[in-house]
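Right, one structure below, let's go through it.
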Amino acid sequence: MIPPHTPDPGVPGVQHLRHAPWPYARLDVPALRAAGHRAEPIRQFVLKTHSRCNLACTYCYVYEMADRSWRTRPATMTPATALRAAQRIAEHAAAHGLTRVDLVLHGGEPLLAAPDHLAAPVEAVRAALARRSPRTRVTASVQTNGTLLTRGRLAALAAAGIRVGVSLDGGLPAHNSRRIDHTGRPGFAAAARGLRLLVRHPASYAGLLCVVDVAQDPVETYESLLAFAPPTLGLLLPLANWNTPPPGHGGSGTPYGDWLVAVFDRWWHDTARRTRIRVFEEVVALLLGLPAATETLGLAPATTAVVETDGSIEQADSLKSAYEGAAATGMTLDTHSFDQLLDHPGFAARQLGREALADGCRACALVEVCGGGHYPHRYRAGEGFRQPSVYCADLQILIRHIARALHAAATTGRAAS
């Protein structure tokens, strides 16, 4: 059990945030460890190789929401910082006997780097692991807006074994009106050109990410994205919370749940499976008692760390949507290890599963599947992150609908193909 309402004595050398009472003032991590709660090692490392972007998407959580820390950081990660990150990752992998680590090159827009520099951070990690933890395998990807994809960049990424994920709001220009450059010009045409190149290199194609826009027709959005032949599709709920509600969410109804249900029905009843949709597959897996693979659903512990361009070690980037400094830890690669991050109260809280949830969530019949929802969606000023998701009703609608579809498939003996 979590020691209730005890002051956090802190991690030495780290300035703690006091904005969110849960977990920063109400989680005693040393007492938690003394009670036998073991930390899970970090398995995914997000490297912010470029902190600027060639687009100015109006809903971007990095540049347009509560946090403004990007303004004080260098535009690019230096080779020295990348090398130090590689050493820390190898140190962590060796200490925990990790068989695999996942690297994600992120930004900003990581493809602003020159093609011959794109793979350098990944190569540095591989070299460090070869020395410190040779049995650890590396998987690597880059998350991009797609506008800067060229044959040269794709060739450089493929040669380094780095797969490419692209963020897009739909497969039609009208779906992407909020994805504009700094002069207000739409970015869709350039992204579409890049995606058409990527489709010709299926081994490099990791998939698409799409932020749900309830103003757009769900089935049209889904089918338009299929035109780019994504191997996987991530449908993301907008980063919102109780103080900054999601667009079109007036407090009644379930617009986001209804939107996702419409896409699910089109996907589930299709004659052939044309892509994998992560949120639906995650719900199905959790309903069947299988473990979750993401932090957005289920009760699995968070295992992702972020390294900023200046070498700061941070929590998940999505927390920046809550308030200024919500992702910060006060740790840097020069002064702290990733093991020390595990004992940061903000990180430790995201490894507690059911015990980190609000009372109503812990008592809910859907808790094993919902998991309280995505952590940033729980934030409420003055309370912190121990709240139900602002999308609680939407998630209930979606999960119950998928459960009924599974039951019907089991009853008839005909699962979706």
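Here's how to read the names in the structure tokens: chain A, B, ... by the order shown, residue numbers from 1 in each chain, ligand numbers from 1 in the order shown.
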If we count only C-alpha atoms, what is near Leu154 in chain A at a cut-off of 12 Å, once residues fewer than 2 positions away on the same chain are taken out, given as a PyMOL selection string? chain A and resi 111+114-116+118-119+141-142+144+146+148-152+156-165+194-205
Write out as a ChimeraX atom specification which residues come within 7 Å of range 323-334 of chain A when counting only C-alpha atoms, dropping same-chain ones fewer than 2 positions away. /A:14-16,66-68,84-85,311-317,319-321,336-337
For the residues selected in the previous step, produce a file with N, CA and C atoms as a JSON list (two decimals), in the first residue's frame.
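Saved as part-v8.json:
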[["chain", "number", "residue", "atom", "x", "y", "z"],
["A", 14, "VAL", "N", 17.88, 16.79, -6.40],
["A", 14, "VAL", "CA", 16.79, 17.05, -7.33],
["A", 14, "VAL", "C", 15.81, 18.03, -6.71],
["A", 15, "GLN", "N", 15.50, 19.08, -7.45],
["A", 15, "GLN", "CA", 14.49, 20.04, -7.00],
["A", 15, "GLN", "C", 13.13, 19.50, -7.42],
["A", 16, "HIS", "N", 12.24, 19.29, -6.46],
["A", 16, "HIS", "CA", 10.95, 18.68, -6.76],
["A", 16, "HIS", "C", 9.88, 19.73, -7.03],
["A", 66, "ALA", "N", 0.95, 24.13, -22.05],
["A", 66, "ALA", "CA", 1.34, 24.81, -20.81],
["A", 66, "ALA", "C", 2.85, 25.01, -20.67],
["A", 67, "ASP", "N", 3.65, 24.10, -21.21],
["A", 67, "ASP", "CA", 5.08, 24.10, -20.95],
["A", 67, "ASP", "C", 5.83, 24.93, -22.00],
["A", 68, "ARG", "N", 6.79, 25.72, -21.56],
["A", 68, "ARG", "CA", 7.58, 26.55, -22.48],
["A", 68, "ARG", "C", 9.08, 26.28, -22.35],
["A", 84, "ARG", "N", 26.89, 10.81, -24.04],
["A", 84, "ARG", "CA", 26.61, 10.64, -22.62],
["A", 84, "ARG", "C", 25.30, 9.88, -22.42],
["A", 85, "ALA", "N", 24.30, 10.17, -23.27],
["A", 85, "ALA", "CA", 23.04, 9.43, -23.21],
["A", 85, "ALA", "C", 23.28, 7.95, -23.48],
["A", 311, "GLY", "N", 20.47, 17.45, -22.43],
["A", 311, "GLY", "CA", 20.88, 16.38, -21.53],
["A", 311, "GLY", "C", 20.02, 16.24, -20.30],
["A", 312, "SER", "N", 18.94, 17.02, -20.20],
["A", 312, "SER", "CA", 18.00, 16.85, -19.10],
["A", 312, "SER", "C", 17.28, 15.52, -19.23],
["A", 313, "ILE", "N", 17.08, 14.85, -18.09],
["A", 313, "ILE", "CA", 16.31, 13.61, -18.07],
["A", 313, "ILE", "C", 14.90, 13.97, -17.61],
["A", 314, "GLU", "N", 13.92, 13.61, -18.42],
["A", 314, "GLU", "CA", 12.55, 13.99, -18.11],
["A", 314, "GLU", "C", 11.62, 12.79, -18.16],
["A", 315, "GLN", "N", 10.40, 13.03, -17.68],
["A", 315, "GLN", "CA", 9.34, 12.05, -17.79],
["A", 315, "GLN", "C", 8.69, 12.18, -19.17],
["A", 316, "ALA", "N", 7.62, 11.45, -19.39],
["A", 316, "ALA", "CA", 6.96, 11.43, -20.69],
["A", 316, "ALA", "C", 6.61, 12.84, -21.14],
["A", 317, "ASP", "N", 6.90, 13.11, -22.40],
["A", 317, "ASP", "CA", 6.63, 14.43, -23.00],
["A", 317, "ASP", "C", 5.18, 14.86, -22.86],
["A", 319, "LEU", "N", 3.23, 14.84, -20.54],
["A", 319, "LEU", "CA", 2.92, 15.56, -19.29],
["A", 319, "LEU", "C", 3.00, 17.07, -19.47],
["A", 320, "LYS", "N", 3.71, 17.53, -20.49],
["A", 320, "LYS", "CA", 3.85, 18.97, -20.73],
["A", 320, "LYS", "C", 2.51, 19.62, -21.03],
["A", 321, "SER", "N", 1.50, 18.83, -21.33],
["A", 321, "SER", "CA", 0.17, 19.39, -21.58],
["A", 321, "SER", "C", -0.53, 19.81, -20.29],
["A", 336, "HIS", "N", 22.92, 12.40, -12.87],
["A", 336, "HIS", "CA", 22.02, 11.35, -12.41],
["A", 336, "HIS", "C", 21.98, 10.18, -13.39],
["A", 337, "SER", "N", 21.74, 9.01, -12.85],
["A", 337, "SER", "CA", 21.57, 7.81, -13.66],
["A", 337, "SER", "C", 20.07, 7.58, -13.90]]
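Put simply, CA of Leu366 in chain A is 27.7 Å away from CA of Ala305 in chain A.
Using only C-alpha atoms, the nearest neighbour of Gly107 in chain A within the list A:Arg131, A:Arg153, A:Arg73, A:Lys48 is A:Lys48.
Pairwise distance (CA of Gly298 in chain A, CA of Leu239 in chain A) equals 17.9 Å.
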Assign secondary structure with DSSP using the backbone only, and return the residues of range 66-272 of chain A in strand (DSSP E or B) as a PyMOL selection string. chain A and resi 76+100-106+137-144+162-167+180-181+186+205-211+232-236
Could you name the residues that touch range 342-349 of chain A at 7 Å or less, counting only C-alpha atoms, but leaving out those on the same chain fewer than 2 positions away, as a ChimeraX atom specification? /A:11,23-24,27,29,39,315,338-340,351-352,356
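Atom pair CA of Phe385 in chain A / CA of Leu357 in chain A has a distance of 8.4 Å (rounded to one decimal).
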Using backbone DSSP assignments, extract all helix (DSSP H, G or I) residues from range 151-380 of chain A; output them as a PyMOL selection string. chain A and resi 151-159+173-176+188-199+202-204+218-226+255-268+278-287+317-321+338-342+345-349+353-356+359-362+367-370+375-378
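Considering the residues A:Pro218, A:Pro30, A:Pro134, A:Pro388 and counting only C-alpha atoms, Thr99 in chain A has its shortest atom-to-atom contact with A:Pro134.
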Between A:Arg178, A:Thr183, A:Asp265, A:Ser252, which one has atoms that come closest to Val219 in chain A, using only C-alpha atoms? A:Asp265
When distances are computed from only C-alpha atoms, which of A:Ala262, A:Val104, A:Leu290, A:Leu168 shows the smallest separation from Val138 in chain A? A:Val104
Option closest in space to Gly184 in chain A, from A:Val390, A:Tyr375, A:Glu355, A:Leu55 [counting only C-alpha atoms]: A:Leu55
